[in-house]
>>> print(open('coords.cif').read())   # mmCIF, C-alpha atoms
data_work
#
loop_
_atom_site.label_atom_id
_atom_site.label_comp_id
_atom_site.auth_asym_id
_atom_site.auth_seq_id
_atom_site.Cartn_x
_atom_site.Cartn_y
_atom_site.Cartn_z
CA MET A 14 29.67 4.69 24.88
CA LYS A 15 26.62 6.96 25.02
CA GLN A 16 23.54 5.33 23.52
CA GLN A 17 22.16 7.09 20.45
CA SER A 18 18.81 8.81 20.93
CA PRO A 19 15.91 6.89 19.36
CA VAL A 20 14.36 8.00 16.09
CA ARG A 21 11.01 9.65 16.81
CA LEU A 22 8.27 8.38 14.52
CA THR A 23 4.49 8.66 14.18
CA MET A 24 2.39 5.86 12.68
CA VAL A 25 -0.95 6.94 11.19
CA GLY A 26 -3.37 4.03 10.84
CA GLY A 27 -4.58 1.07 12.85
CA GLY A 28 -4.88 -1.69 10.24
CA SER A 29 -2.88 -4.86 9.63
CA TRP A 30 -0.06 -3.20 7.67
CA ALA A 31 0.33 -0.43 10.27
CA THR A 32 0.43 -3.09 13.00
CA ALA A 33 3.05 -5.09 11.09
CA LEU A 34 5.20 -1.99 10.61
CA ILE A 35 4.91 -1.22 14.33
CA LYS A 36 6.25 -4.72 15.03
CA ILE A 37 9.20 -4.20 12.62
CA LEU A 38 10.08 -0.73 13.89
CA SER A 39 9.90 -1.87 17.51
CA GLU A 40 12.84 -4.18 16.79
CA ASN A 41 15.07 -1.11 16.40
CA ASN A 42 15.93 2.08 18.25
CA VAL A 43 12.69 3.85 17.35
CA SER A 44 10.28 5.69 19.66
CA ILE A 45 6.78 5.42 18.19
CA LYS A 46 3.58 7.38 18.61
CA TRP A 47 0.73 5.37 17.12
CA TRP A 48 -2.41 7.23 16.04
CA LEU A 49 -5.61 5.21 15.85
CA ARG A 50 -9.06 6.50 15.11
CA LYS A 51 -10.93 3.99 17.31
CA GLU A 52 -10.61 4.87 20.97
CA SER A 53 -11.65 1.35 21.98
CA ASP A 54 -8.72 -0.13 20.02
CA ALA A 55 -6.33 2.43 21.50
CA GLU A 56 -7.44 1.63 25.03
CA HIS A 57 -7.19 -2.10 24.36
CA ILE A 58 -3.62 -1.76 23.11
CA LYS A 59 -2.63 0.31 26.14
CA LYS A 60 -4.10 -2.27 28.49
CA PHE A 61 -3.31 -5.58 26.82
CA GLY A 62 -0.48 -4.84 24.34
CA HIS A 63 -2.11 -6.05 21.14
CA ASN A 64 -4.42 -4.71 18.43
CA PRO A 65 -7.86 -6.29 18.90
CA SER A 66 -8.96 -5.61 15.32
CA TYR A 67 -5.93 -6.63 13.21
CA LEU A 68 -3.07 -9.10 13.70
CA SER A 69 -4.15 -9.60 17.28
CA ASP A 70 -1.36 -12.14 17.90
CA VAL A 71 1.30 -9.44 17.49
CA GLN A 72 2.56 -8.29 20.89
CA ILE A 73 3.01 -4.51 21.02
CA ASN A 74 6.00 -3.23 22.99
CA THR A 75 4.22 -0.50 24.95
CA ARG A 76 7.53 0.77 26.32
CA LYS A 77 8.42 1.89 22.81
CA VAL A 78 4.91 2.50 21.44
CA LYS A 79 2.64 5.22 22.81
CA VAL A 80 -0.92 5.08 21.51
CA CYS A 81 -3.03 8.20 20.98
CA THR A 82 -6.26 9.22 19.25
CA ARG A 83 -5.51 12.93 18.73
CA ILE A 84 -3.73 13.35 15.42
CA LYS A 85 -2.03 16.64 16.32
CA ASP A 86 -0.63 15.12 19.51
CA ALA A 87 0.69 12.22 17.46
CA PHE A 88 2.52 14.59 15.09
CA ARG A 89 4.15 16.64 17.84
CA ASP A 90 7.94 16.18 18.22
CA SER A 91 8.20 13.41 15.59
CA ASP A 92 10.88 13.28 12.91
CA TYR A 93 9.07 10.81 10.63
CA ILE A 94 5.39 10.44 9.75
CA VAL A 95 4.32 7.05 8.35
CA LEU A 96 0.98 7.00 6.52
CA ALA A 97 -0.61 3.54 6.66
CA VAL A 98 -4.31 4.08 6.06
CA PRO A 99 -6.22 3.21 2.85
CA ALA A 100 -5.64 5.84 0.18
CA ALA A 101 -9.34 6.67 -0.02
CA PHE A 102 -9.33 7.71 3.65
CA VAL A 103 -5.97 9.43 4.08
CA SER A 104 -7.47 12.90 3.65
CA ASP A 105 -10.02 12.19 6.36
CA ALA A 106 -7.34 10.75 8.66
CA LEU A 107 -5.29 13.95 8.33
CA SER A 108 -8.26 16.23 8.97
CA GLY A 109 -7.08 19.24 10.96
CA ILE A 110 -3.45 18.75 9.96
CA LYS A 111 -1.90 21.72 8.16
CA PRO A 112 1.39 22.23 6.29
CA GLU A 113 3.05 23.61 9.42
CA HIS A 114 2.46 20.31 11.19
CA PHE A 115 4.62 18.59 8.56
CA ALA A 116 7.37 21.23 8.67
CA GLY A 117 10.83 19.68 9.06
CA LYS A 118 9.49 16.11 9.04
CA TYR A 119 10.01 13.19 6.69
CA VAL A 120 6.92 11.48 5.28
CA ILE A 121 6.85 7.77 4.52
CA SER A 122 3.94 6.38 2.52
CA ALA A 123 3.07 2.77 3.30
CA ILE A 124 -0.02 3.10 1.10
CA LYS A 125 -0.27 1.10 -2.14
CA GLY A 126 -3.11 3.07 -3.67
CA MET A 127 -4.09 6.42 -5.15
CA ILE A 128 -6.11 9.37 -3.87
CA PRO A 129 -9.40 8.66 -5.70
CA SER A 130 -10.75 12.21 -5.80
CA ALA A 131 -7.52 13.56 -7.30
CA ASN A 132 -6.22 10.51 -9.25
CA GLN A 133 -2.87 11.21 -7.59
CA LEU A 134 -0.17 9.11 -6.04
CA VAL A 135 -0.13 9.55 -2.28
CA THR A 136 3.36 11.05 -2.41
CA ASP A 137 2.37 13.70 -4.96
CA TRP A 138 -0.75 14.52 -2.97
CA VAL A 139 1.24 14.96 0.26
CA ARG A 140 3.82 17.11 -1.48
CA GLU A 141 1.16 19.42 -2.96
CA GLN A 142 -1.22 19.54 0.01
CA TYR A 143 1.35 19.97 2.75
CA ASN A 144 4.39 21.48 1.00
CA VAL A 145 6.63 18.57 1.92
CA PRO A 146 9.82 18.61 -0.21
CA ALA A 147 10.22 15.60 -2.52
CA SER A 148 13.59 14.88 -0.90
CA ARG A 149 11.77 14.24 2.39
CA ILE A 150 9.24 11.76 1.02
CA ALA A 151 9.71 7.99 0.77
CA VAL A 152 7.60 4.94 -0.14
CA ILE A 153 7.61 1.46 1.39
CA ALA A 154 7.18 -1.32 -1.17
CA GLY A 155 7.07 -5.10 -0.87
CA PRO A 156 6.85 -7.92 -1.60
CA CYS A 157 5.67 -8.22 1.98
CA HIS A 158 2.36 -9.30 3.53
CA ALA A 159 1.53 -8.14 7.03
CA GLU A 160 0.42 -11.63 8.05
CA GLU A 161 3.88 -13.08 7.36
CA VAL A 162 5.57 -10.23 9.24
CA ALA A 163 3.37 -11.14 12.20
CA LEU A 164 4.76 -14.70 11.97
CA GLU A 165 8.33 -13.33 11.65
CA LYS A 166 8.83 -15.05 8.31
CA GLN A 167 11.79 -13.70 6.33
CA SER A 168 10.58 -10.72 4.32
CA TYR A 169 11.99 -8.02 2.06
CA LEU A 170 11.13 -4.35 1.64
CA THR A 171 12.23 -1.75 -0.88
CA ILE A 172 12.26 1.89 0.20
CA ALA A 173 12.10 4.44 -2.60
CA SER A 174 12.79 8.17 -2.52
CA GLN A 175 14.09 10.77 -4.93
CA ASP A 176 16.82 11.26 -2.33
CA VAL A 177 18.66 7.95 -1.92
CA ALA A 178 20.04 9.06 1.46
CA CYS A 179 16.46 9.43 2.69
CA ALA A 180 15.58 5.98 1.33
CA ASP A 181 18.65 4.45 3.01
CA ASP A 182 17.79 6.05 6.36
CA VAL A 183 14.26 4.65 6.27
CA ALA A 184 15.58 1.25 5.22
CA ALA A 185 17.91 1.27 8.24
CA MET A 186 14.90 1.79 10.53
CA LEU A 187 13.14 -1.22 9.00
CA ASN A 188 16.05 -3.67 8.82
CA CYS A 189 15.70 -6.28 11.53
CA ARG A 190 16.25 -9.98 12.18
CA PHE A 191 13.37 -11.03 9.88
CA VAL A 192 13.20 -8.09 7.42
CA GLN A 193 15.78 -6.94 4.90
CA ALA A 194 15.16 -3.43 3.53
CA THR A 195 16.94 -1.72 0.63
CA GLY A 196 16.86 1.91 -0.53
CA VAL A 197 16.43 2.94 -4.20
CA ASP A 198 15.58 6.14 -6.11
CA ASP A 199 12.77 5.04 -8.49
CA ILE A 200 9.92 6.34 -6.35
CA TYR A 201 7.45 6.84 -9.20
CA GLY A 202 8.16 3.53 -10.89
CA ILE A 203 7.76 1.65 -7.64
CA GLU A 204 4.68 3.55 -6.52
CA TYR A 205 2.84 3.14 -9.83
CA SER A 206 3.87 -0.51 -10.03
CA ALA A 207 2.45 -1.05 -6.54
CA VAL A 208 -0.83 0.52 -7.64
CA MET A 209 -0.96 -1.54 -10.83
CA LYS A 210 -0.16 -4.87 -9.15
CA ASN A 211 -3.29 -4.51 -7.02
CA ILE A 212 -5.35 -4.19 -10.19
CA ILE A 213 -3.70 -7.28 -11.66
CA ALA A 214 -4.38 -9.17 -8.41
CA LEU A 215 -8.06 -8.29 -8.85
CA ALA A 216 -7.90 -9.80 -12.35
CA CYS A 217 -6.23 -12.94 -10.98
CA GLY A 218 -8.90 -13.24 -8.33
CA ILE A 219 -11.70 -12.77 -10.85
CA THR A 220 -10.31 -15.51 -13.12
CA HIS A 221 -9.80 -17.77 -10.11
CA GLY A 222 -13.42 -17.21 -9.13
CA LEU A 223 -14.49 -18.03 -12.67
CA GLY A 224 -12.62 -21.34 -12.53
CA TYR A 225 -9.52 -20.60 -14.62
CA GLY A 226 -6.48 -22.64 -13.64
CA ASP A 227 -2.83 -22.03 -12.81
CA ASN A 228 -1.70 -22.30 -16.44
CA PHE A 229 -3.93 -19.41 -17.45
CA GLN A 230 -2.99 -17.29 -14.44
CA ALA A 231 0.74 -17.68 -15.17
CA VAL A 232 0.17 -16.29 -18.67
CA LEU A 233 -2.12 -13.57 -17.30
CA VAL A 234 0.55 -12.40 -14.83
CA SER A 235 3.36 -12.47 -17.41
CA ASN A 236 1.25 -10.40 -19.80
CA ALA A 237 0.33 -8.10 -16.92
CA MET A 238 4.00 -7.42 -16.21
CA GLN A 239 4.35 -6.18 -19.79
CA GLU A 240 1.24 -4.04 -19.26
CA ILE A 241 2.71 -2.50 -16.13
CA LYS A 242 5.98 -1.77 -17.94
CA ARG A 243 4.20 -0.02 -20.83
CA PHE A 244 2.22 2.14 -18.44
CA VAL A 245 5.04 3.07 -16.06
CA ASP A 246 7.46 3.79 -18.91
CA ALA A 247 4.88 6.05 -20.59
CA ILE A 248 4.28 8.12 -17.45
CA TYR A 249 7.82 8.25 -16.00
CA PRO A 250 10.43 7.12 -18.54
CA LYS A 251 13.50 5.82 -16.72
CA HIS A 252 15.88 2.90 -17.04
CA ARG A 253 14.50 0.35 -14.58
CA ASP A 254 14.60 -3.42 -14.26
CA LEU A 255 11.04 -4.54 -13.60
CA SER A 256 12.22 -8.06 -12.80
CA GLY A 257 13.36 -6.71 -9.41
CA SER A 258 11.57 -7.72 -6.23
CA ALA A 259 9.91 -4.32 -5.74
CA TYR A 260 8.19 -4.72 -9.13
CA LEU A 261 7.83 -8.36 -10.21
CA GLY A 262 8.17 -9.77 -6.69
CA ASP A 263 5.42 -7.52 -5.35
CA LEU A 264 3.19 -8.43 -8.29
CA LEU A 265 3.69 -12.16 -7.75
CA VAL A 266 2.94 -12.19 -4.03
CA THR A 267 -0.16 -10.04 -4.51
CA ALA A 268 -1.41 -12.06 -7.46
CA TYR A 269 -0.99 -15.50 -5.88
CA SER A 270 -0.99 -15.21 -2.07
CA PRO A 271 -4.07 -16.18 -0.05
CA PHE A 272 -3.22 -13.18 2.15
CA SER A 273 -3.84 -10.78 -0.79
CA ARG A 274 -7.01 -8.83 -0.14
CA ASN A 275 -7.15 -7.71 -3.78
CA ARG A 276 -7.03 -11.30 -5.02
CA THR A 277 -9.65 -12.25 -2.43
CA PHE A 278 -11.92 -9.39 -3.50
CA GLY A 279 -11.52 -10.38 -7.16
CA THR A 280 -12.30 -14.02 -6.36
CA LEU A 281 -15.58 -12.99 -4.76
CA ILE A 282 -16.49 -10.90 -7.81
CA GLY A 283 -15.65 -13.82 -10.10
CA ARG A 284 -17.94 -16.04 -8.04
CA GLY A 285 -20.85 -13.68 -8.57
CA TYR A 286 -20.76 -11.42 -5.51
CA THR A 287 -21.81 -7.82 -5.98
CA ILE A 288 -19.21 -5.18 -5.15
CA GLN A 289 -21.08 -4.21 -1.99
CA SER A 290 -21.47 -7.79 -0.80
CA ALA A 291 -17.78 -8.53 -1.52
CA GLN A 292 -16.72 -5.48 0.49
CA MET A 293 -18.95 -6.52 3.40
CA GLU A 294 -17.63 -10.08 3.27
CA MET A 295 -14.01 -8.93 3.50
CA ASN A 296 -14.36 -6.10 6.03
CA MET A 297 -11.09 -4.73 4.62
CA ILE A 298 -10.19 -2.32 1.82
CA ALA A 299 -8.98 -3.68 -1.50
CA GLU A 300 -6.92 -0.75 -2.82
CA GLY A 301 -7.23 -2.01 -6.40
CA TYR A 302 -10.96 -1.26 -6.45
CA TYR A 303 -10.33 2.48 -6.18
CA ALA A 304 -7.03 2.42 -8.08
CA VAL A 305 -8.40 0.93 -11.29
CA LYS A 306 -10.72 3.91 -11.77
CA SER A 307 -7.86 6.36 -11.22
CA ILE A 308 -5.58 4.49 -13.63
CA HIS A 309 -8.37 4.33 -16.22
CA GLU A 310 -8.82 8.11 -16.04
CA ILE A 311 -5.08 8.83 -16.13
CA ASN A 312 -4.69 6.59 -19.15
CA ARG A 313 -7.13 8.69 -21.15
CA GLN A 314 -4.18 11.02 -21.66
CA PHE A 315 -1.49 8.40 -22.34
CA GLN A 316 -3.56 5.82 -24.28
CA VAL A 317 -1.36 2.90 -23.18
CA ARG A 318 -2.67 -0.49 -24.27
CA MET A 319 -3.79 -2.17 -21.01
CA PRO A 320 -6.46 -4.79 -21.77
CA ILE A 321 -6.23 -6.50 -18.37
CA ALA A 322 -6.65 -3.28 -16.38
CA GLU A 323 -9.45 -2.19 -18.72
CA ALA A 324 -11.27 -5.49 -18.23
CA VAL A 325 -11.14 -5.03 -14.46
CA TYR A 326 -12.40 -1.46 -14.80
CA ASN A 327 -15.29 -2.60 -17.00
CA ILE A 328 -16.28 -5.31 -14.54
CA LEU A 329 -16.15 -3.08 -11.46
CA TYR A 330 -17.40 0.23 -12.84
CA GLU A 331 -19.34 -0.55 -16.01
CA ARG A 332 -21.01 -3.66 -14.54
CA ALA A 333 -19.70 -5.74 -17.43
CA SER A 334 -19.92 -9.52 -17.23
CA PRO A 335 -16.74 -11.01 -15.66
CA THR A 336 -17.15 -14.06 -17.91
CA LEU A 337 -17.34 -12.03 -21.12
CA GLU A 338 -14.57 -9.61 -20.14
CA MET A 339 -12.14 -12.41 -19.33
CA GLU A 340 -13.08 -14.20 -22.52
CA GLY A 341 -11.96 -11.05 -24.33
CA VAL A 342 -8.70 -10.92 -22.36
CA LYS A 343 -8.09 -14.60 -23.03
CA ARG A 344 -7.99 -13.99 -26.78
CA LEU A 345 -5.38 -11.23 -26.39
CA LEU A 346 -2.88 -13.09 -24.21
CA THR A 347 0.24 -14.60 -25.72
#
>>> encode(input="coords.cif", output="structure tokens")
Amino acid sequence: MKQQSPVRLTMVGGGSWATALIKILSENNVSIKWWLRKESDAEHIKKFGHNPSYLSDVQINTRKVKVCTRIKDAFRDSDYIVLAVPAAFVSDALSGIKPEHFAGKYVISAIKGMIPSANQLVTDWVREQYNVPASRIAVIAGPCHAEEVALEKQSYLTIASQDVACADDVAAMLNCRFVQATGVDDIYGIEYSAVMKNIIALACGITHGLGYGDNFQAVLVSNAMQEIKRFVDAIYPKHRDLSGSAYLGDLLVTAYSPFSRNRTFGTLIGRGYTIQSAQMEMNMIAEGYYAVKSIHEINRQFQVRMPIAEAVYNILYERASPTLEMEGVKRLLT
């Protein structure tokens, strides 16, 4: 029987999540072009077969993965484009790319953040900036930390698209011996929930840094789930079960896991770090920092009651006292 030609895919981004996705995709019949900004990292991967900056224990199959630093070369002849850079930097990463470079391709967002300058979901921004049809756009959601993928621990992904066939095709590319992926159609619910859970993880980290215990954090997260539901239902009303793994599961792993960069960032803030010093300490992007400002501005129109998200916004952008803000939240929880 003739072997099926491999799916041709481009990965944009050189961080831990991009590296983890490269590992997953390499398990299947996928030919990958991997764009990285840093030439030194690209050369290192070509020579030694691992990313020196992120998840360096992951062995890269260089027979399937071709590394490049020219974004237009990376786009050429690919069927799928995966975006896996922080939302704040996706526009810069795609500098020089025009709508014609996306023509006929599918776009998969692996970004759990919003475009700060536009207060837009990444999928909406891609659709408007590059004229990509909604039926050719998908989102990868968790619960799934890159560090556990690197260790080949059993993980689960949810792939969302307005076109379920598109979601199912992407899920098939990501299904492997240690990852189970499922396609669904609630792209907006899943994408906004992914944005919101990073904000809640910041709140969990802040309270952890302030010395609150597990009892309080359990109540904080359960109230936060209600907050997420109110917000998502107000923006995109649809029958959805937020107890599913792509919603509640993703929230739980981000709120509690030591691998969560948003929780880690929040913990530093709760312990008295400035925003700048916390960012320097982590050397990674906490998407929730940018997202909470976008959600705050979007909610001016919808006026959804979101005391936890508002407390995080006040702490990060209004320089409010973490202690006083969480005292206020504490009185509102039930």
>>> closest_residue(input="coords.cif", among="A:Ser258, A:Ser108, A:Thr32, A:Gln167", to="Ile73 of chain A", atoms="all atoms listed in the file")
A:Thr32
>>> residues_around(input="coords.cif", residues="segment 157-166 of chain A", least_positions_apart="6", cutoff="12 Å", atoms="only C-alpha atoms", output="PyMOL selection string")
chain A and resi 28-38+40+63-64+67-73+97+123+125+187+189-194+207+258-260+262-274
>>> residues_around(input="coords.cif", residues="Ser18 of chain A", least_positions_apart="6", cutoff="10 Å", atoms="only C-alpha atoms", output="count of residues only")
3
>>> resolve_selection(input="coords.cif", expression="the PyMOL selection byres ((chain A and resi 283-300) around 8)", output="ChimeraX atom specification")
/A:99-100,125-126,208,211,218-223,274-275,278-282,301-304,329,335-336
>>> residues_around(input="coords.cif", residues="Leu337 of chain A", least_positions_apart="2", cutoff="12 Å", atoms="all atoms listed in the file", output="PyMOL selection string")
chain A and resi 219-220+223+283+324-325+327-328+332-335+339-344
>>> atom_distance(input="coords.cif", atom1="atom CA of Asp182 of chain A", atom2="atom CA of Asn132 of chain A")
29.0 Å
>>> closest_residue(input="coords.cif", among="A:Val145, A:Ile203, A:Val152, A:Leu96", to="Asp181 of chain A", atoms="all atoms listed in the file")
A:Val152
>>> resolve_selection(input="coords.cif", expression="the PyMOL selection byres ((chain A and resi 312) around 12)", output="VMD selection string")
chain A and resid 132 243 to 245 247 to 248 305 to 311 313 to 320 322 to 323 326
>>> axis_aligned_box(input="coords.cif", around="segment 96-108 of chain A", padding_each_side="6 Å", output="JSON")
{"center_x": -4.5, "center_y": 9.7, "center_z": 4.5, "size_x": 23.0, "size_y": 25.0, "size_z": 21.0}
>>> atom_distance(input="coords.cif", atom1="atom CA of Trp47 of chain A", atom2="atom CA of Leu22 of chain A")
8.5 Å
>>> closest_residue(input="coords.cif", among="A:Val103, A:Val78, A:Ile241, A:Ala55", to="Val139 of chain A", atoms="all atoms listed in the file")
A:Val103
>>> resolve_selection(input="coords.cif", expression="the PyMOL selection byres ((chain A and resi 86) around 12)", output="ChimeraX atom specification")
/A:23-25,46-49,79-85,87-91,109-110,114
>>> atom_distance(input="coords.cif", atom1="atom CA of Asp105 of chain A", atom2="atom CA of Ile58 of chain A")
22.7 Å
>>> build_atoms(input="coords.cif", residues="segment 293-303 of chain A", atoms="all heavy atoms", output="short mmCIF file (atom, residue, chain, number, x, y, z; two decimals), in the coordinates of the input")
data_model
loop_
_atom_site.label_atom_id
_atom_site.label_comp_id
_atom_site.auth_asym_id
_atom_site.auth_seq_id
_atom_site.Cartn_x
_atom_site.Cartn_y
_atom_site.Cartn_z
N MET A 293 -18.44 -6.15 2.07
CA MET A 293 -18.95 -6.52 3.40
C MET A 293 -18.35 -7.85 3.86
O MET A 293 -18.04 -8.02 5.04
CB MET A 293 -20.47 -6.60 3.36
CG MET A 293 -21.16 -5.25 3.19
SD MET A 293 -22.95 -5.40 3.03
CE MET A 293 -23.37 -6.07 4.65
N GLU A 294 -18.19 -8.78 2.93
CA GLU A 294 -17.63 -10.08 3.27
C GLU A 294 -16.20 -9.96 3.78
O GLU A 294 -15.79 -10.64 4.72
CB GLU A 294 -17.67 -10.98 2.03
CG GLU A 294 -17.06 -12.35 2.21
CD GLU A 294 -18.02 -13.34 2.84
OE1 GLU A 294 -19.22 -13.04 2.95
OE2 GLU A 294 -17.55 -14.42 3.23
N MET A 295 -15.42 -9.06 3.16
CA MET A 295 -14.01 -8.93 3.50
C MET A 295 -13.77 -8.09 4.75
O MET A 295 -12.85 -8.34 5.52
CB MET A 295 -13.24 -8.30 2.34
CG MET A 295 -13.07 -9.21 1.15
SD MET A 295 -12.13 -8.38 -0.14
CE MET A 295 -10.63 -7.97 0.71
N ASN A 296 -14.56 -7.03 4.93
CA ASN A 296 -14.36 -6.10 6.03
C ASN A 296 -12.97 -5.47 6.00
O ASN A 296 -12.42 -5.10 7.03
CB ASN A 296 -14.60 -6.78 7.38
CG ASN A 296 -14.77 -5.78 8.52
OD1 ASN A 296 -15.26 -4.68 8.30
ND2 ASN A 296 -14.32 -6.13 9.71
N MET A 297 -12.38 -5.39 4.82
CA MET A 297 -11.09 -4.73 4.62
C MET A 297 -11.13 -4.03 3.26
O MET A 297 -11.95 -4.37 2.41
CB MET A 297 -9.92 -5.72 4.67
CG MET A 297 -9.63 -6.28 6.04
SD MET A 297 -8.04 -7.17 6.12
CE MET A 297 -8.36 -8.55 5.05
N ILE A 298 -10.22 -3.08 3.07
CA ILE A 298 -10.19 -2.32 1.82
C ILE A 298 -9.27 -3.00 0.82
O ILE A 298 -8.11 -3.29 1.11
CB ILE A 298 -9.69 -0.87 2.07
CG1 ILE A 298 -10.66 -0.14 3.01
CG2 ILE A 298 -9.55 -0.13 0.75
CD1 ILE A 298 -12.05 0.03 2.47
N ALA A 299 -9.80 -3.23 -0.38
CA ALA A 299 -8.98 -3.68 -1.50
C ALA A 299 -8.61 -2.44 -2.31
O ALA A 299 -9.45 -1.87 -3.01
CB ALA A 299 -9.75 -4.69 -2.36
N GLU A 300 -7.35 -2.00 -2.19
CA GLU A 300 -6.92 -0.75 -2.82
C GLU A 300 -7.16 -0.76 -4.34
O GLU A 300 -7.42 0.28 -4.95
CB GLU A 300 -5.44 -0.50 -2.55
CG GLU A 300 -5.11 -0.13 -1.12
CD GLU A 300 -5.35 1.34 -0.79
OE1 GLU A 300 -6.09 2.01 -1.54
OE2 GLU A 300 -4.82 1.79 0.24
N GLY A 301 -7.07 -1.93 -4.95
CA GLY A 301 -7.23 -2.01 -6.40
C GLY A 301 -8.58 -1.55 -6.89
O GLY A 301 -8.72 -1.08 -8.03
N TYR A 302 -9.62 -1.69 -6.04
CA TYR A 302 -10.96 -1.26 -6.45
C TYR A 302 -10.98 0.22 -6.78
O TYR A 302 -11.55 0.65 -7.79
CB TYR A 302 -11.98 -1.59 -5.35
CG TYR A 302 -13.33 -0.98 -5.62
CD1 TYR A 302 -14.15 -1.48 -6.62
CD2 TYR A 302 -13.79 0.13 -4.89
CE1 TYR A 302 -15.38 -0.91 -6.90
CE2 TYR A 302 -15.01 0.70 -5.17
CZ TYR A 302 -15.81 0.18 -6.17
OH TYR A 302 -17.03 0.76 -6.44
N TYR A 303 -10.38 1.05 -5.93
CA TYR A 303 -10.33 2.48 -6.18
C TYR A 303 -9.27 2.82 -7.24
O TYR A 303 -9.47 3.71 -8.08
CB TYR A 303 -10.01 3.23 -4.89
CG TYR A 303 -11.03 3.05 -3.80
CD1 TYR A 303 -10.84 2.13 -2.78
CD2 TYR A 303 -12.22 3.78 -3.80
CE1 TYR A 303 -11.79 1.95 -1.78
CE2 TYR A 303 -13.17 3.62 -2.82
CZ TYR A 303 -12.95 2.69 -1.81
OH TYR A 303 -13.90 2.51 -0.83
#
